[in-house]
Amino acid sequence: MASFRKIALCELAKHEAKRAFIEDRPITSYFAENVFDENKMRRYMSLTALNSIQEAIKEGKKIDRNVADEIATAMKNWAIEKGVTHYTHLFQPLNGSTAEKHDAFIDVKDGKAFEKFTGKSLVQQEPDASSFPNGGLRNTFEARGYSAWDPNSPVFILDDTLCIPSVFVSYTGDALDMKVPHLRSISALSEAATAVVNLFDKKVSSVTVNIGLEQEYFLVDSSLYKARPDLKLCDRTVLGHTSAKDQQLSDHYFGAIPSRVVSFMKDFETEAYKLGIQLETRHNEVAPNQFECVPVFCDATKAIDQNMLLMIIMQKVADKHHLKVIFHEKPFDGVNGSGKHCNWSLQTDTKVNLLTPGKTPNKNLLFLAFYSSIVRAVHKYDLLLMSSICSLSNSYRLGGHEAPPAIMSIFSGSTLSKVFDSIMNMKDMDDDVTLENIKIANSIPDILTDNTDRNRTSPFAFTGNRFEFRALGASMNPAAATFVLNSVVAESLKVFKAKVDALENKGEERKAAVLTVIREFLLDSKDIMFEGNGYSKEWQEEAKKRGLNSITNVVEAFKSYIDDKNIDMFSKLGVLSRNEAYARYEVFNELYVKKLQIEARVLGDICFNHILPAAVNYRNTLLESIKSCKEVFGDEYKTICEADMKIYRKISEYVNSLSADVSALIDARKEANVIENMSQRAYLYSTKVKEYMHKVRYSADHLEMLIDDELWPLPKYRELLFF
């Protein structure tokens, strides 16, 4: 009987490059055609209803119920014209994915069918959804959970369903999703940032967060994927020997995109364009079969919702191409994993990017006020920021020689570093940095953009007009990290404004007061600034001397969410209550345990059901060969079969070790599972269980190199990475 691997390799040969979603029209003719945007709103609803939506977005005003009915009718009419039969509130639960429950437009009265969609149905639904992790915020016997329309993101059509971006809260109003704290953090940051901007410009009334999310991913042929139980159930290979050739030649990176992949890319881009997602870049990444797509920088809420939607689209389109998209941060051992680099900046309602250095001293003073506040925020909350990107999947790449390093640091570049040194030391600028020698005591020097190379080893690097938070994992909901970043910066800006006000009240001139606080923030936070190689051992040693936190255990890092300092910060900003912070801590531990539990079980199952039978089978073949040799050649067989017997002994050693370590792994799981406290259970899983998983993999991967290739049951790395 042919093995799954052989069948998969035969199926692989049948898969070819073929488009599934071809559009002959120019992109501009179908861009956002499945989005209920402002142009469609003007066609289907009154100006009063449109203004109501815009006021809800810009000013946070509630939409009147009567107006909501008109908006719902307009959405329904547009959707029905496009063949839609159902609607759903699309929300983002704490497990990091998206969730939807579809309801039909159809209603029947007196035996007559008609379409119905009211303002009440639009604004709020009760999906229950009680099985999602909630960290104790809900009880099974109190299962009410509400999804509520978020007007900040446009309504769209996917799979003949009207999708309404929503938040998800409990009966008591506690946040049960990733989006609620994100929206709260945006509001808190806007308030704090506007107050600081108003020190320089009274015309600014609000500040928004813009982000651009670079999405990395792997592609695997669907036949090979189905033949790997670990990829199907864990999204990563829990065992597998490295390929002789992988990424070491850098010949895949930015190389010609394979034909099958180009077809897939064109198709998912076509579907993304119809949903208003503006993608501008696609390319090969470092590892074989690893790729990246990059959207255009836009409003943070829209960008995050579109990123989650894009991941759905990519998975659906991949099925048409006999491919599987893998967003796991480290699906293959020994090659680079995947991230979701978050480019983050702040913009006023007057369209000024607050992280773009200005051409005048006054504008540069504004820039430095924000820059120094961000530096302070990252320094004060470095562990919390790093914890915001922590997960089981991201832990497999954390601290390796790929982003992200396990220690938070900020890269500013040589020019800014010289400016900061001058401010901290109260010295004049050098001529090579500015066009003229300007005294710090009198004004701020010119700061040029893009005059420094990027640092690819920094988890938080300044790149000319934005910060690149490189530590986010490819599979995560970006809101999990951005709401933390928004919050800590908001807190820092509040402190900045309070300190400037205090100095002005003492009679200090505003410009001097601002510069004093900038200097104070830079001096207090200089330890977080590092211009060198973030992967080097020297930096790890230097970081220890500076007292910076390093993530050595993900479960331990989770504790930062319930640190009193951080809870106090979240609570004062109105982003997370104490209960909500503790709930997230509980959920993160729960998800860590469950995912690692699945991985450990899958590893044990593969070893017992696939690896050990293959090893014993091949060992028996060797034994029969040795016996036959002895019968023919007598005592000479020891010389003739020396290599066979050596391989036999090695296989036997690894078989015995594998069997013993799998049994020990099972016992370690049992030991951990009886612990009721979820954080303690997570810690035991992160230490003892993972330790045995490493031992099991070591033996299994060595057996792969000893057993006859024809007998090995699972697709190998050379096949998965080079289809």
# chains A, B, ... in the order shown; residues from 1 in each chain; ligands from 1
>>> select_by_dssp(residues="range 208-426 of chain A", states="strand (DSSP E)", output="PyMOL selection string")
chain A and resi 208-221+279-284+290-295+298-299+323-326+340-348+410-411
>>> closest_atom_pairs(of="range 75-98 of chain A", to="range 584-603 of chain A", cutoff="10 Å", atoms="only C-alpha atoms", output="JSON lines")
{"residue": "A:Leu94", "atom": "CA", "partner": "A:Val587", "partner_atom": "CA", "distance": 7.4}
{"residue": "A:Asn95", "atom": "CA", "partner": "A:Leu591", "partner_atom": "CA", "distance": 7.2}
{"residue": "A:Gly96", "atom": "CA", "partner": "A:Leu591", "partner_atom": "CA", "distance": 9.8}
>>> residues_around(residues="Asp709 in chain A", least_positions_apart="2", cutoff="12 Å", atoms="only C-alpha atoms", output="ChimeraX atom specification")
/A:3,5-6,614-615,618,703-707,711-716
>>> write_last_selection(atoms="C-alpha atoms", output="PDB file, in the first residue's frame")
ATOM      1  CA  SER A   3       2.203   5.794   1.861  1.00  0.00           C
ATOM      2  CA  ARG A   5       3.771  10.730   1.167  1.00  0.00           C
ATOM      3  CA  LYS A   6       3.926   8.812  -2.118  1.00  0.00           C
ATOM      4  CA  ALA A 614       8.632   2.920   9.652  1.00  0.00           C
ATOM      5  CA  ALA A 615      11.767   2.592  11.769  1.00  0.00           C
ATOM      6  CA  TYR A 618      13.307  -0.774   8.019  1.00  0.00           C
ATOM      7  CA  LEU A 703      15.652   8.513  12.231  1.00  0.00           C
ATOM      8  CA  GLU A 704      14.519  10.395   9.129  1.00  0.00           C
ATOM      9  CA  MET A 705      18.133  10.480   7.959  1.00  0.00           C
ATOM     10  CA  LEU A 706      18.678   6.745   8.578  1.00  0.00           C
ATOM     11  CA  ILE A 707      15.501   5.134   7.248  1.00  0.00           C
ATOM     12  CA  LEU A 711       9.723   3.880   3.635  1.00  0.00           C
ATOM     13  CA  TRP A 712       9.592   7.353   5.213  1.00  0.00           C
ATOM     14  CA  PRO A 713       5.859   8.129   5.603  1.00  0.00           C
ATOM     15  CA  LEU A 714       5.782  11.942   5.782  1.00  0.00           C
ATOM     16  CA  PRO A 715       6.646  14.579   3.152  1.00  0.00           C
ATOM     17  CA  LYS A 716      10.119  15.904   3.885  1.00  0.00           C
TER      18      LYS A 716
END
>>> closest_residue(among="A:Val495, A:Ile410, A:Ala668, A:Leu548", to="Gly532 in chain A", atoms="only C-alpha atoms")
A:Ile410
>>> atom_distance(atom1="CA of Ala672 in chain A", atom2="CA of Ile606 in chain A")
21.4 Å
>>> closest_residue(among="A:Asp421, A:Ala318, A:Ser190, A:Ala700", to="Lys494 in chain A", atoms="only C-alpha atoms")
A:Ser190
>>> closest_atom_pairs(of="range 113-224 of chain A", to="range 320-325 of chain A", cutoff="10 Å", atoms="only C-alpha atoms", output="JSON lines")
{"residue": "A:Tyr217", "atom": "CA", "partner": "A:Val325", "partner_atom": "CA", "distance": 6.7}
{"residue": "A:Phe218", "atom": "CA", "partner": "A:Val325", "partner_atom": "CA", "distance": 5.9}
{"residue": "A:Leu219", "atom": "CA", "partner": "A:Val325", "partner_atom": "CA", "distance": 4.9}
{"residue": "A:Val220", "atom": "CA", "partner": "A:Lys324", "partner_atom": "CA", "distance": 5.2}
{"residue": "A:Asp221", "atom": "CA", "partner": "A:Leu323", "partner_atom": "CA", "distance": 4.6}
{"residue": "A:Ser222", "atom": "CA", "partner": "A:Leu323", "partner_atom": "CA", "distance": 4.7}
{"residue": "A:Ser223", "atom": "CA", "partner": "A:His322", "partner_atom": "CA", "distance": 7.5}
{"residue": "A:Leu224", "atom": "CA", "partner": "A:Leu323", "partner_atom": "CA", "distance": 9.3}
>>> write_last_selection(atoms="N, CA, C and O atoms", output="mmCIF file, in the first residue's frame")
data_model
loop_
_atom_site.group_PDB
_atom_site.id
_atom_site.type_symbol
_atom_site.label_atom_id
_atom_site.label_comp_id
_atom_site.auth_asym_id
_atom_site.auth_seq_id
_atom_site.Cartn_x
_atom_site.Cartn_y
_atom_site.Cartn_z
ATOM 1 N N TYR A 217 4.067 35.044 4.748
ATOM 2 C CA TYR A 217 3.358 33.761 4.805
ATOM 3 C C TYR A 217 4.119 32.710 4.007
ATOM 4 O O TYR A 217 4.955 33.033 3.163
ATOM 5 N N PHE A 218 3.818 31.448 4.295
ATOM 6 C CA PHE A 218 4.364 30.327 3.531
ATOM 7 C C PHE A 218 3.246 29.715 2.689
ATOM 8 O O PHE A 218 2.059 29.804 3.042
ATOM 9 N N LEU A 219 3.620 29.084 1.590
ATOM 10 C CA LEU A 219 2.694 28.311 0.774
ATOM 11 C C LEU A 219 3.182 26.867 0.699
ATOM 12 O O LEU A 219 4.368 26.619 0.504
ATOM 13 N N VAL A 220 2.250 25.941 0.868
ATOM 14 C CA VAL A 220 2.556 24.510 0.778
ATOM 15 C C VAL A 220 1.520 23.869 -0.132
ATOM 16 O O VAL A 220 0.333 24.219 -0.079
ATOM 17 N N ASP A 221 1.953 22.954 -0.978
ATOM 18 C CA ASP A 221 1.005 22.239 -1.825
ATOM 19 C C ASP A 221 -0.008 21.504 -0.953
ATOM 20 O O ASP A 221 0.348 20.891 0.062
ATOM 21 N N SER A 222 -1.282 21.558 -1.337
ATOM 22 C CA SER A 222 -2.349 20.988 -0.506
ATOM 23 C C SER A 222 -2.211 19.490 -0.312
ATOM 24 O O SER A 222 -2.561 18.957 0.747
ATOM 25 N N SER A 223 -1.686 18.776 -1.314
ATOM 26 C CA SER A 223 -1.513 17.325 -1.175
ATOM 27 C C SER A 223 -0.465 16.996 -0.126
ATOM 28 O O SER A 223 -0.658 16.099 0.708
ATOM 29 N N LEU A 224 0.641 17.718 -0.150
ATOM 30 C CA LEU A 224 1.685 17.507 0.848
ATOM 31 C C LEU A 224 1.191 17.924 2.229
ATOM 32 O O LEU A 224 1.504 17.282 3.242
#
>>> residues_around(residues="Val207 in chain A", least_positions_apart="6", cutoff="9 Å", atoms="only C-alpha atoms", output="MDAnalysis selection string")
chainID A and resid 186:187 189:194 197 346:350
>>> write_last_selection(atoms="C-alpha atoms", output="PDB file, in the first residue's frame")
ATOM      1  CA  ILE A 186      -7.228  55.146  19.648  1.00  0.00           C
ATOM      2  CA  SER A 187      -9.528  57.498  21.522  1.00  0.00           C
ATOM      3  CA  LEU A 189      -4.167  58.480  22.163  1.00  0.00           C
ATOM      4  CA  SER A 190      -6.071  61.049  20.119  1.00  0.00           C
ATOM      5  CA  GLU A 191      -6.961  63.002  23.251  1.00  0.00           C
ATOM      6  CA  ALA A 192      -3.417  62.922  24.652  1.00  0.00           C
ATOM      7  CA  ALA A 193      -1.718  63.658  21.321  1.00  0.00           C
ATOM      8  CA  THR A 194      -4.074  66.515  20.471  1.00  0.00           C
ATOM      9  CA  VAL A 197      -0.024  69.270  19.396  1.00  0.00           C
ATOM     10  CA  LEU A 346       0.447  59.582  14.020  1.00  0.00           C
ATOM     11  CA  GLN A 347      -1.404  62.108  11.863  1.00  0.00           C
ATOM     12  CA  THR A 348      -3.413  65.202  12.745  1.00  0.00           C
ATOM     13  CA  ASP A 349      -6.810  66.011  11.258  1.00  0.00           C
ATOM     14  CA  THR A 350      -4.933  68.723   9.334  1.00  0.00           C
TER      15      THR A 350
END
>>> select_by_dssp(residues="range 308-349 of chain A", states="helix (DSSP H, G or I)", output="ChimeraX atom specification")
/A:308-320
>>> residues_around(residues="Ser659 in chain A", least_positions_apart="3", cutoff="12 Å", atoms="only C-alpha atoms", output="PyMOL selection string")
chain A and resi 603-609+611-613+615-616+651-656+662-666+692+695-697+699-700
>>> write_last_selection(atoms="N, CA, C and O atoms", output="CSV table (one decimal), in the first residue's frame")
chain,number,residue,atom,x,y,z
A,603,LEU,N,2.5,15.3,18.1
A,603,LEU,CA,3.9,14.7,18.1
A,603,LEU,C,3.9,13.3,18.5
A,603,LEU,O,4.6,12.4,17.9
A,604,GLY,N,3.3,13.0,19.6
A,604,GLY,CA,3.2,11.6,20.1
A,604,GLY,C,2.5,10.7,19.2
A,604,GLY,O,3.0,9.6,18.9
A,605,ASP,N,1.4,11.1,18.6
A,605,ASP,CA,0.6,10.3,17.6
A,605,ASP,C,1.5,10.0,16.4
A,605,ASP,O,1.5,8.9,15.9
A,606,ILE,N,2.2,11.0,15.9
A,606,ILE,CA,3.0,10.8,14.7
A,606,ILE,C,4.1,9.8,14.9
A,606,ILE,O,4.4,8.9,14.1
A,607,CYS,N,4.7,9.9,16.1
A,607,CYS,CA,5.8,9.0,16.4
A,607,CYS,C,5.3,7.6,16.6
A,607,CYS,O,5.9,6.7,16.0
A,608,PHE,N,4.2,7.4,17.3
A,608,PHE,CA,3.7,6.0,17.4
A,608,PHE,C,3.1,5.4,16.2
A,608,PHE,O,3.2,4.2,15.9
A,609,ASN,N,2.4,6.3,15.4
A,609,ASN,CA,1.6,5.8,14.2
A,609,ASN,C,2.4,5.8,12.9
A,609,ASN,O,2.0,5.2,11.9
A,611,ILE,N,6.3,7.2,12.6
A,611,ILE,CA,7.8,7.1,12.7
A,611,ILE,C,8.3,5.8,13.2
A,611,ILE,O,9.1,5.1,12.6
A,612,LEU,N,7.8,5.3,14.4
A,612,LEU,CA,8.2,4.1,14.9
A,612,LEU,C,7.9,2.9,14.0
A,612,LEU,O,8.8,2.0,13.8
A,613,PRO,N,6.7,2.8,13.4
A,613,PRO,CA,6.5,1.7,12.5
A,613,PRO,C,7.4,1.7,11.3
A,613,PRO,O,7.9,0.6,10.9
A,615,ALA,N,10.4,2.9,11.3
A,615,ALA,CA,11.8,2.6,11.8
A,615,ALA,C,11.9,1.1,12.0
A,615,ALA,O,12.9,0.5,11.6
A,616,VAL,N,10.9,0.5,12.7
A,616,VAL,CA,10.9,-0.9,13.0
A,616,VAL,C,10.9,-1.7,11.7
A,616,VAL,O,11.6,-2.7,11.5
A,651,ILE,N,19.6,2.9,14.6
A,651,ILE,CA,18.2,3.0,14.5
A,651,ILE,C,17.6,2.5,15.8
A,651,ILE,O,16.6,3.1,16.4
A,652,SER,N,18.1,1.4,16.4
A,652,SER,CA,17.6,0.8,17.6
A,652,SER,C,17.8,1.8,18.8
A,652,SER,O,16.9,1.9,19.6
A,653,GLU,N,18.9,2.5,18.8
A,653,GLU,CA,19.1,3.5,19.8
A,653,GLU,C,18.1,4.6,19.8
A,653,GLU,O,17.5,5.0,20.8
A,654,TYR,N,17.9,5.1,18.6
A,654,TYR,CA,16.9,6.2,18.4
A,654,TYR,C,15.5,5.7,18.6
A,654,TYR,O,14.6,6.5,19.2
A,655,VAL,N,15.2,4.5,18.2
A,655,VAL,CA,13.8,3.9,18.5
A,655,VAL,C,13.6,3.8,20.0
A,655,VAL,O,12.5,4.2,20.5
A,656,ASN,N,14.5,3.3,20.7
A,656,ASN,CA,14.4,3.2,22.2
A,656,ASN,C,14.3,4.6,22.8
A,656,ASN,O,13.4,4.8,23.7
A,662,VAL,N,8.7,9.8,24.3
A,662,VAL,CA,7.2,10.0,24.1
A,662,VAL,C,6.4,9.6,25.3
A,662,VAL,O,5.5,10.3,25.7
A,663,SER,N,6.8,8.5,25.9
A,663,SER,CA,6.1,8.1,27.2
A,663,SER,C,6.3,9.1,28.3
A,663,SER,O,5.4,9.5,29.0
A,664,ALA,N,7.6,9.7,28.4
A,664,ALA,CA,7.8,10.7,29.3
A,664,ALA,C,7.1,12.0,29.0
A,664,ALA,O,6.6,12.7,29.9
A,665,LEU,N,6.9,12.3,27.7
A,665,LEU,CA,6.1,13.4,27.3
A,665,LEU,C,4.7,13.3,27.7
A,665,LEU,O,4.1,14.3,28.2
A,666,ILE,N,4.1,12.1,27.6
A,666,ILE,CA,2.7,11.9,28.0
A,666,ILE,C,2.6,12.1,29.5
A,666,ILE,O,1.6,12.7,29.9
A,692,TYR,N,10.6,17.8,26.7
A,692,TYR,CA,10.5,16.5,26.2
A,692,TYR,C,10.1,16.5,24.7
A,692,TYR,O,10.5,15.6,24.0
A,695,LYS,N,13.3,16.6,22.9
A,695,LYS,CA,14.0,15.3,22.9
A,695,LYS,C,13.4,14.4,21.9
A,695,LYS,O,14.1,13.7,21.2
A,696,VAL,N,12.1,14.4,21.8
A,696,VAL,CA,11.4,13.5,20.9
A,696,VAL,C,11.7,13.9,19.5
A,696,VAL,O,12.0,13.0,18.6
A,697,ARG,N,11.7,15.2,19.2
A,697,ARG,CA,12.0,15.6,17.8
A,697,ARG,C,13.5,15.2,17.5
A,697,ARG,O,13.7,14.9,16.3
A,699,SER,N,15.3,12.6,18.3
A,699,SER,CA,15.4,11.2,17.8
A,699,SER,C,14.7,11.0,16.5
A,699,SER,O,15.2,10.3,15.6
A,700,ALA,N,13.5,11.6,16.4
A,700,ALA,CA,12.7,11.4,15.2
A,700,ALA,C,13.4,12.0,13.9
A,700,ALA,O,13.4,11.4,12.9
>>> residues_around(residues="range 19-29 of chain A", least_positions_apart="2", cutoff="7 Å", atoms="only C-alpha atoms", output="list in words")
Ala17, Phe31, Ser263, Asp267 and Lys320 of chain A
>>> write_last_selection(atoms="N, CA, C and O atoms", output="short mmCIF file (atom, residue, chain, number, x, y, z; two decimals), in the first residue's frame")
data_model
loop_
_atom_site.label_atom_id
_atom_site.label_comp_id
_atom_site.auth_asym_id
_atom_site.auth_seq_id
_atom_site.Cartn_x
_atom_site.Cartn_y
_atom_site.Cartn_z
N ALA A 17 -0.06 25.89 -12.60
CA ALA A 17 -0.46 27.30 -12.50
C ALA A 17 -1.71 27.55 -13.33
O ALA A 17 -1.72 27.32 -14.54
N PHE A 31 -12.36 48.23 -8.21
CA PHE A 31 -11.83 48.45 -6.86
C PHE A 31 -12.96 48.85 -5.92
O PHE A 31 -13.74 49.75 -6.19
N SER A 263 0.04 33.06 -10.01
CA SER A 263 -1.39 32.88 -10.29
C SER A 263 -2.21 33.07 -9.02
O SER A 263 -3.26 33.73 -9.02
N ASP A 267 -4.84 36.25 -8.13
CA ASP A 267 -6.23 35.97 -7.77
C ASP A 267 -6.62 36.57 -6.43
O ASP A 267 -7.69 37.17 -6.29
N LYS A 320 -8.38 27.15 -4.24
CA LYS A 320 -8.61 27.03 -5.68
C LYS A 320 -7.33 26.65 -6.44
O LYS A 320 -7.40 26.18 -7.56
#
>>> atom_distance(atom1="CA of Glu55 in chain A", atom2="CA of Ala79 in chain A")
23.5 Å
>>> closest_residue(among="A:Val335, A:Met693, A:Val575, A:Leu199", to="Lys363 in chain A", atoms="only C-alpha atoms")
A:Leu199
